[in-house]
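Source file: model_17.pdb (PDB, C-alpha atoms)
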ATOM      1  CA  MET A 619      19.948 -35.536  17.643  1.00  0.00           C
ATOM      2  CA  ASN A 620      17.797 -38.367  18.983  1.00  0.00           C
ATOM      3  CA  ILE A 621      15.384 -38.478  21.895  1.00  0.00           C
ATOM      4  CA  GLU A 622      15.592 -41.799  23.701  1.00  0.00           C
ATOM      5  CA  MET A 623      14.432 -43.525  26.854  1.00  0.00           C
ATOM      6  CA  VAL A 624      16.888 -43.254  29.728  1.00  0.00           C
ATOM      7  CA  GLU A 625      18.426 -46.451  31.040  1.00  0.00           C
ATOM      8  CA  LYS A 626      19.320 -46.902  34.705  1.00  0.00           C
ATOM      9  CA  ALA A 627      22.956 -47.083  33.613  1.00  0.00           C
ATOM     10  CA  ASP A 628      22.635 -43.478  32.362  1.00  0.00           C
ATOM     11  CA  HIS A 629      21.666 -42.037  35.751  1.00  0.00           C
ATOM     12  CA  LEU A 630      25.196 -41.028  36.789  1.00  0.00           C
ATOM     13  CA  SER A 631      25.683 -39.207  33.477  1.00  0.00           C
ATOM     14  CA  LEU A 632      22.358 -37.440  34.010  1.00  0.00           C
ATOM     15  CA  LEU A 633      23.420 -36.446  37.516  1.00  0.00           C
ATOM     16  CA  ASP A 634      26.600 -34.895  36.086  1.00  0.00           C
ATOM     17  CA  ILE A 635      24.525 -32.934  33.546  1.00  0.00           C
ATOM     18  CA  TRP A 636      22.092 -31.889  36.286  1.00  0.00           C
ATOM     19  CA  GLU A 637      24.896 -30.598  38.517  1.00  0.00           C
ATOM     20  CA  ALA A 638      26.700 -28.745  35.714  1.00  0.00           C
ATOM     21  CA  SER A 639      23.436 -27.205  34.528  1.00  0.00           C
ATOM     22  CA  VAL A 640      22.372 -26.167  38.026  1.00  0.00           C
ATOM     23  CA  ARG A 641      25.770 -24.592  38.669  1.00  0.00           C
ATOM     24  CA  ALA A 642      25.431 -22.637  35.391  1.00  0.00           C
ATOM     25  CA  THR A 643      21.856 -21.419  35.947  1.00  0.00           C
ATOM     26  CA  HIS A 644      20.998 -21.562  39.663  1.00  0.00           C
ATOM     27  CA  ASP A 645      23.524 -19.141  41.174  1.00  0.00           C
ATOM     28  CA  PHE A 646      21.025 -18.417  43.951  1.00  0.00           C
ATOM     29  CA  LEU A 647      21.228 -21.998  45.238  1.00  0.00           C
ATOM     30  CA  ALA A 648      23.476 -22.536  48.256  1.00  0.00           C
ATOM     31  CA  GLU A 649      26.194 -25.174  47.882  1.00  0.00           C
ATOM     32  CA  GLU A 650      24.771 -27.039  50.874  1.00  0.00           C
ATOM     33  CA  ASP A 651      21.359 -27.232  49.186  1.00  0.00           C
ATOM     34  CA  LEU A 652      22.897 -28.520  45.964  1.00  0.00           C
ATOM     35  CA  GLN A 653      24.810 -31.219  47.837  1.00  0.00           C
ATOM     36  CA  GLN A 654      21.642 -32.248  49.708  1.00  0.00           C
ATOM     37  CA  LEU A 655      19.754 -32.566  46.423  1.00  0.00           C
ATOM     38  CA  LYS A 656      22.289 -34.775  44.624  1.00  0.00           C
ATOM     39  CA  PRO A 657      21.470 -38.064  46.387  1.00  0.00           C
ATOM     40  CA  LEU A 658      17.734 -37.319  46.186  1.00  0.00           C
ATOM     41  CA  ILE A 659      17.985 -36.745  42.446  1.00  0.00           C
ATOM     42  CA  LEU A 660      19.908 -39.982  41.931  1.00  0.00           C
ATOM     43  CA  GLU A 661      18.087 -42.235  44.388  1.00  0.00           C
ATOM     44  CA  GLN A 662      14.500 -40.949  44.198  1.00  0.00           C
ATOM     45  CA  TYR A 663      13.675 -38.256  41.645  1.00  0.00           C
ATOM     46  CA  PHE A 664      14.946 -39.997  38.498  1.00  0.00           C
ATOM     47  CA  ASP A 665      12.802 -43.041  39.312  1.00  0.00           C
ATOM     48  CA  ALA A 666       9.713 -40.880  39.967  1.00  0.00           C
ATOM     49  CA  VAL A 667       9.481 -39.450  36.431  1.00  0.00           C
ATOM     50  CA  HIS A 668       9.257 -40.596  32.834  1.00  0.00           C
ATOM     51  CA  LEU A 669      12.829 -39.790  31.716  1.00  0.00           C
ATOM     52  CA  LYS A 670      13.896 -39.050  28.159  1.00  0.00           C
ATOM     53  CA  CYS A 671      17.278 -37.847  26.992  1.00  0.00           C
ATOM     54  CA  ALA A 672      18.701 -36.145  23.926  1.00  0.00           C
ATOM     55  CA  LYS A 673      21.740 -37.861  22.451  1.00  0.00           C
ATOM     56  CA  ASN A 674      24.010 -36.650  19.696  1.00  0.00           C
ATOM     57  CA  ASP A 675      25.072 -38.879  16.805  1.00  0.00           C
ATOM     58  CA  ASN A 676      27.923 -40.240  18.937  1.00  0.00           C
ATOM     59  CA  GLY A 677      25.490 -41.404  21.637  1.00  0.00           C
ATOM     60  CA  GLU A 678      26.542 -38.703  24.111  1.00  0.00           C
ATOM     61  CA  ILE A 679      23.713 -37.447  26.340  1.00  0.00           C
ATOM     62  CA  LEU A 680      23.419 -33.670  26.019  1.00  0.00           C
ATOM     63  CA  GLY A 681      20.253 -33.106  28.035  1.00  0.00           C
ATOM     64  CA  PHE A 682      17.274 -34.770  29.639  1.00  0.00           C
ATOM     65  CA  CYS A 683      13.686 -34.209  30.634  1.00  0.00           C
ATOM     66  CA  GLY A 684      11.498 -35.872  33.257  1.00  0.00           C
ATOM     67  CA  VAL A 685       7.688 -35.729  33.235  1.00  0.00           C
ATOM     68  CA  HIS A 686       5.190 -36.916  35.849  1.00  0.00           C
ATOM     69  CA  ASP A 687       1.405 -36.436  35.733  1.00  0.00           C
ATOM     70  CA  GLY A 688       1.571 -33.772  33.044  1.00  0.00           C
ATOM     71  CA  ASN A 689       4.290 -31.772  34.826  1.00  0.00           C
ATOM     72  CA  ILE A 690       7.765 -31.169  33.473  1.00  0.00           C
ATOM     73  CA  GLU A 691       9.601 -31.995  36.688  1.00  0.00           C
ATOM     74  CA  MET A 692      13.100 -31.627  35.288  1.00  0.00           C
ATOM     75  CA  LEU A 693      14.664 -30.278  32.112  1.00  0.00           C
ATOM     76  CA  PHE A 694      18.425 -29.901  32.161  1.00  0.00           C
ATOM     77  CA  ILE A 695      20.895 -29.335  29.354  1.00  0.00           C
ATOM     78  CA  SER A 696      24.664 -29.724  29.482  1.00  0.00           C
ATOM     79  CA  PRO A 697      26.138 -26.201  29.668  1.00  0.00           C
ATOM     80  CA  ASP A 698      28.224 -26.908  26.542  1.00  0.00           C
ATOM     81  CA  ALA A 699      25.059 -27.773  24.609  1.00  0.00           C
ATOM     82  CA  ARG A 700      22.874 -24.853  25.699  1.00  0.00           C
ATOM     83  CA  GLY A 701      21.460 -22.566  23.045  1.00  0.00           C
ATOM     84  CA  LYS A 702      21.407 -25.265  20.366  1.00  0.00           C
ATOM     85  CA  GLY A 703      17.695 -26.142  20.471  1.00  0.00           C
ATOM     86  CA  ILE A 704      18.012 -29.223  22.685  1.00  0.00           C
ATOM     87  CA  GLY A 705      15.805 -27.771  25.439  1.00  0.00           C
ATOM     88  CA  SER A 706      13.127 -26.858  22.889  1.00  0.00           C
ATOM     89  CA  MET A 707      13.324 -30.326  21.356  1.00  0.00           C
ATOM     90  CA  LEU A 708      12.938 -32.012  24.751  1.00  0.00           C
ATOM     91  CA  ALA A 709      10.133 -29.642  25.787  1.00  0.00           C
ATOM     92  CA  THR A 710       8.295 -30.299  22.509  1.00  0.00           C
ATOM     93  CA  HIS A 711       8.619 -34.035  23.113  1.00  0.00           C
ATOM     94  CA  ALA A 712       7.382 -33.661  26.690  1.00  0.00           C
ATOM     95  CA  ILE A 713       4.353 -31.682  25.498  1.00  0.00           C
ATOM     96  CA  GLU A 714       3.449 -33.649  22.387  1.00  0.00           C
ATOM     97  CA  GLU A 715       4.396 -37.189  23.442  1.00  0.00           C
ATOM     98  CA  LEU A 716       4.124 -37.159  27.241  1.00  0.00           C
ATOM     99  CA  GLY A 717       1.204 -34.726  27.653  1.00  0.00           C
ATOM    100  CA  ALA A 718       3.079 -32.111  29.691  1.00  0.00           C
ATOM    101  CA  THR A 719       1.128 -28.893  30.265  1.00  0.00           C
ATOM    102  CA  LYS A 720       2.640 -27.600  33.527  1.00  0.00           C
ATOM    103  CA  VAL A 721       6.023 -26.752  34.984  1.00  0.00           C
ATOM    104  CA  ASP A 722       7.352 -25.148  38.167  1.00  0.00           C
ATOM    105  CA  VAL A 723      10.313 -22.783  37.754  1.00  0.00           C
ATOM    106  CA  ASN A 724      12.516 -21.234  40.426  1.00  0.00           C
ATOM    107  CA  GLU A 725      11.585 -17.565  40.485  1.00  0.00           C
ATOM    108  CA  GLN A 726      15.278 -16.597  40.566  1.00  0.00           C
ATOM    109  CA  ASN A 727      16.013 -18.634  37.416  1.00  0.00           C
ATOM    110  CA  GLU A 728      15.190 -15.927  34.894  1.00  0.00           C
ATOM    111  CA  GLN A 729      16.631 -17.922  31.989  1.00  0.00           C
ATOM    112  CA  ALA A 730      14.231 -20.823  32.592  1.00  0.00           C
ATOM    113  CA  LEU A 731      11.313 -18.462  33.113  1.00  0.00           C
ATOM    114  CA  GLY A 732      12.046 -16.754  29.792  1.00  0.00           C
ATOM    115  CA  PHE A 733      12.468 -20.102  28.021  1.00  0.00           C
ATOM    116  CA  TYR A 734       9.110 -21.435  29.169  1.00  0.00           C
ATOM    117  CA  GLN A 735       7.342 -18.154  28.419  1.00  0.00           C
ATOM    118  CA  HIS A 736       8.876 -18.180  24.928  1.00  0.00           C
ATOM    119  CA  ILE A 737       7.412 -21.613  24.181  1.00  0.00           C
ATOM    120  CA  GLY A 738       3.913 -20.738  25.389  1.00  0.00           C
ATOM    121  CA  PHE A 739       3.781 -21.223  29.169  1.00  0.00           C
ATOM    122  CA  SER A 740       2.302 -18.532  31.427  1.00  0.00           C
ATOM    123  CA  VAL A 741       2.704 -17.981  35.162  1.00  0.00           C
ATOM    124  CA  THR A 742      -0.466 -19.091  36.954  1.00  0.00           C
ATOM    125  CA  GLY A 743       0.681 -19.079  40.575  1.00  0.00           C
ATOM    126  CA  ARG A 744       3.545 -18.787  43.033  1.00  0.00           C
ATOM    127  CA  SER A 745       4.784 -20.652  46.086  1.00  0.00           C
ATOM    128  CA  PRO A 746       7.130 -18.907  48.557  1.00  0.00           C
ATOM    129  CA  VAL A 747       9.248 -22.065  49.027  1.00  0.00           C
ATOM    130  CA  ASP A 748      10.485 -24.903  46.833  1.00  0.00           C
ATOM    131  CA  GLY A 749       9.531 -28.577  47.086  1.00  0.00           C
ATOM    132  CA  GLN A 750      11.972 -29.104  49.975  1.00  0.00           C
ATOM    133  CA  GLY A 751      10.578 -26.158  51.922  1.00  0.00           C
ATOM    134  CA  LYS A 752      13.655 -24.021  51.172  1.00  0.00           C
ATOM    135  CA  PRO A 753      13.281 -20.252  50.596  1.00  0.00           C
ATOM    136  CA  TYR A 754      13.506 -20.517  46.806  1.00  0.00           C
ATOM    137  CA  PRO A 755      10.113 -19.365  45.482  1.00  0.00           C
ATOM    138  CA  LEU A 756       8.528 -21.359  42.664  1.00  0.00           C
ATOM    139  CA  LEU A 757       6.477 -19.970  39.824  1.00  0.00           C
ATOM    140  CA  HIS A 758       3.756 -22.352  38.657  1.00  0.00           C
ATOM    141  CA  MET A 759       3.317 -22.231  34.890  1.00  0.00           C
ATOM    142  CA  THR A 760       0.717 -23.657  32.531  1.00  0.00           C
ATOM    143  CA  LEU A 761       0.911 -24.164  28.785  1.00  0.00           C
ATOM    144  CA  TYR A 762      -1.653 -22.121  26.913  1.00  0.00           C
ATOM    145  CA  SER A 763      -0.209 -22.184  23.410  1.00  0.00           C
ATOM    146  CA  ILE A 764       2.722 -23.727  21.631  1.00  0.00           C
ATOM    147  CA  GLU A 765       4.089 -20.509  20.172  1.00  0.00           C
ATOM    148  CA  GLY A 766       7.855 -20.777  20.302  1.00  0.00           C
ATOM    149  CA  LEU A 767       8.148 -24.438  19.345  1.00  0.00           C
TER     150      LEU A 767
END
Output the structure of this file as structure tokens.
Amino acid sequence: MNIEMVEKADHLSLLDIWEASVRATHDFLAEEDLQQLKPLILEQYFDAVHLKCAKNDNGEILGFCGVHDGNIEMLFISPDARGKGIGSMLATHAIEELGATKVDVNEQNEQALGFYQHIGFSVTGRSPVDGQGKPYPLLHMTLYSIEGL
């Protein structure tokens, strides 16, 4: 497994991973909200973060992470590749190489909450709405120790 910079040509592949991952983990998200997010992810959000991806030995992207100003803004793993350490590898890279110490997690996404708590993040605050003002509360988390990595 290699962590590499993301090329613009990879953005459509990342969008596919994002959508598959969101469908597997964000069952609280309305279909309309997901469809509204897709063009924003592709046209704005990817360009607003430092993007890294995890590729297998065949060059297939299995997951990606985006960091901006010390915040993990996105961390998504292909559903077929979940549970194989790729998320931990990308999170470790984001922390150690990109200086990430914060992340916002949808309160309803218990899997992500547990993952970040396992690797040393703690909840430090809560917002009643997400970044688009939708009624999906966010938990603000800060890294206090690198325990699970």
Residue nearest Gly684 (chain A) among A:His711, A:His736, A:Arg641, A:Lys702 (counting all atoms listed in the file) | A:His711
For Gln750 (chain A), work out the shell of residues within 12 Å, counting all atoms listed in the file and skipping chain neighbours fewer than 6 positions away, then give it as JSON, numbers by chain.
-> {"A": [651, 652, 654, 655, 658, 756]}
Step by step, gather every atom of region 737-747 of chain A that the file lists, find the box along x, y and z that holds them, add 4 Å on each side, and finally give centre and edge lengths in Å to one decimal, as lines of an AutoDock Vina configuration file.
center_x = 4.4
center_y = -20.0
center_z = 36.6
size_x = 17.7
size_y = 12.1
size_z = 32.8
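Take CA of Pro753 (chain A) and CA of Val723 (chain A): the distance between them is 13.4 Å.
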Taking the file above as input, evaluate the PyMOL selection byres ((chain A and resi 713) around 12) and report the hits as a ChimeraX atom specification.
-> /A:683-690,706-712,714-721,734,737-739,760-764,767
Could you state the separation of CA of Asn724 (chain A) and CA of Glu637 (chain A) in Å, given to one decimal place?
-> 15.6 Å
Kindly give the distance, in Å, that separates CA of Gly743 (chain A) and CA of Glu728 (chain A), rounded to a single decimal.
->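 Pair CA of Gly743 (chain A) / CA of Glu728 (chain A) returns 15.9 Å.
Of the residues under consideration (A:Phe682, A:Ala648, A:Ser639, A:Ile621), A:Ala648 shows the shortest atom-to-atom contact distance to Lys752 (chain A) when counting all atoms listed in the file.
With distances restricted to all atoms listed in the file, A:Asp722 is the closest residue to Pro755 (chain A) from A:Asp634, A:Asp722, A:Glu649, A:Glu625.
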Selection result for the PyMOL selection byres ((chain A and resi 626) around 12) on this file, as a PyMOL selection string | chain A and resi 623-625+627-633+660-661+664-665+669-670
Care to translate the PyMOL selection byres ((chain A and resi 725) around 12) into actual residues of this file, as a list in words?
-> Thr643, His644, Phe646, Leu647, Asp722, Val723, Asn724, Gln726, Asn727, Glu728, Gln729, Ala730, Leu731, Gly732, Val741, Gly743, Arg744, Ser745, Pro746, Val747, Asp748, Pro753, Tyr754, Pro755, Leu756, Leu757, His758 and Met759 of chain A
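Compared by their closest atoms to Phe733 (chain A), and using only C-alpha atoms, the residues A:Ala699, A:Cys671, A:Ile659, A:Leu693 rank with A:Leu693 nearest.
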Have region 671-687 of chain A completed to N, CA and C atoms, please, and pass it along as a PDB file, in the coordinates of the input.
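Now in result.pdb:
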ATOM      1  N   CYS A 671      16.049 -38.605  27.167  1.00  0.00           N
ATOM      2  CA  CYS A 671      17.278 -37.847  26.992  1.00  0.00           C
ATOM      3  C   CYS A 671      17.504 -37.546  25.520  1.00  0.00           C
ATOM      4  N   ALA A 672      18.288 -36.514  25.279  1.00  0.00           N
ATOM      5  CA  ALA A 672      18.701 -36.145  23.926  1.00  0.00           C
ATOM      6  C   ALA A 672      20.147 -36.576  23.764  1.00  0.00           C
ATOM      7  N   LYS A 673      20.388 -37.382  22.729  1.00  0.00           N
ATOM      8  CA  LYS A 673      21.740 -37.861  22.451  1.00  0.00           C
ATOM      9  C   LYS A 673      22.188 -37.355  21.087  1.00  0.00           C
ATOM     10  N   ASN A 674      23.466 -37.034  20.995  1.00  0.00           N
ATOM     11  CA  ASN A 674      24.010 -36.650  19.696  1.00  0.00           C
ATOM     12  C   ASN A 674      24.298 -37.908  18.881  1.00  0.00           C
ATOM     13  N   ASP A 675      24.819 -37.741  17.697  1.00  0.00           N
ATOM     14  CA  ASP A 675      25.072 -38.879  16.805  1.00  0.00           C
ATOM     15  C   ASP A 675      26.122 -39.839  17.350  1.00  0.00           C
ATOM     16  N   ASN A 676      26.915 -39.379  18.311  1.00  0.00           N
ATOM     17  CA  ASN A 676      27.923 -40.240  18.937  1.00  0.00           C
ATOM     18  C   ASN A 676      27.388 -40.963  20.169  1.00  0.00           C
ATOM     19  N   GLY A 677      26.097 -40.755  20.482  1.00  0.00           N
ATOM     20  CA  GLY A 677      25.490 -41.404  21.637  1.00  0.00           C
ATOM     21  C   GLY A 677      25.717 -40.684  22.947  1.00  0.00           C
ATOM     22  N   GLU A 678      26.294 -39.483  22.900  1.00  0.00           N
ATOM     23  CA  GLU A 678      26.542 -38.703  24.111  1.00  0.00           C
ATOM     24  C   GLU A 678      25.255 -37.998  24.527  1.00  0.00           C
ATOM     25  N   ILE A 679      24.901 -38.120  25.816  1.00  0.00           N
ATOM     26  CA  ILE A 679      23.713 -37.447  26.340  1.00  0.00           C
ATOM     27  C   ILE A 679      24.034 -35.968  26.536  1.00  0.00           C
ATOM     28  N   LEU A 680      23.210 -35.106  25.927  1.00  0.00           N
ATOM     29  CA  LEU A 680      23.419 -33.670  26.019  1.00  0.00           C
ATOM     30  C   LEU A 680      22.385 -32.975  26.897  1.00  0.00           C
ATOM     31  N   GLY A 681      21.295 -33.671  27.195  1.00  0.00           N
ATOM     32  CA  GLY A 681      20.253 -33.106  28.035  1.00  0.00           C
ATOM     33  C   GLY A 681      19.201 -34.141  28.330  1.00  0.00           C
ATOM     34  N   PHE A 682      18.329 -33.823  29.293  1.00  0.00           N
ATOM     35  CA  PHE A 682      17.274 -34.770  29.639  1.00  0.00           C
ATOM     36  C   PHE A 682      16.066 -34.038  30.190  1.00  0.00           C
ATOM     37  N   CYS A 683      14.954 -34.757  30.170  1.00  0.00           N
ATOM     38  CA  CYS A 683      13.686 -34.209  30.634  1.00  0.00           C
ATOM     39  C   CYS A 683      12.940 -35.302  31.381  1.00  0.00           C
ATOM     40  N   GLY A 684      12.304 -34.934  32.492  1.00  0.00           N
ATOM     41  CA  GLY A 684      11.498 -35.872  33.257  1.00  0.00           C
ATOM     42  C   GLY A 684      10.098 -35.320  33.438  1.00  0.00           C
ATOM     43  N   VAL A 685       9.089 -36.143  33.142  1.00  0.00           N
ATOM     44  CA  VAL A 685       7.688 -35.729  33.235  1.00  0.00           C
ATOM     45  C   VAL A 685       6.939 -36.691  34.157  1.00  0.00           C
ATOM     46  N   HIS A 686       6.054 -36.117  34.978  1.00  0.00           N
ATOM     47  CA  HIS A 686       5.190 -36.916  35.849  1.00  0.00           C
ATOM     48  C   HIS A 686       3.835 -36.226  35.938  1.00  0.00           C
ATOM     49  N   ASP A 687       2.773 -36.961  35.642  1.00  0.00           N
ATOM     50  CA  ASP A 687       1.405 -36.436  35.733  1.00  0.00           C
ATOM     51  C   ASP A 687       1.219 -35.092  35.029  1.00  0.00           C
TER      52      ASP A 687
END
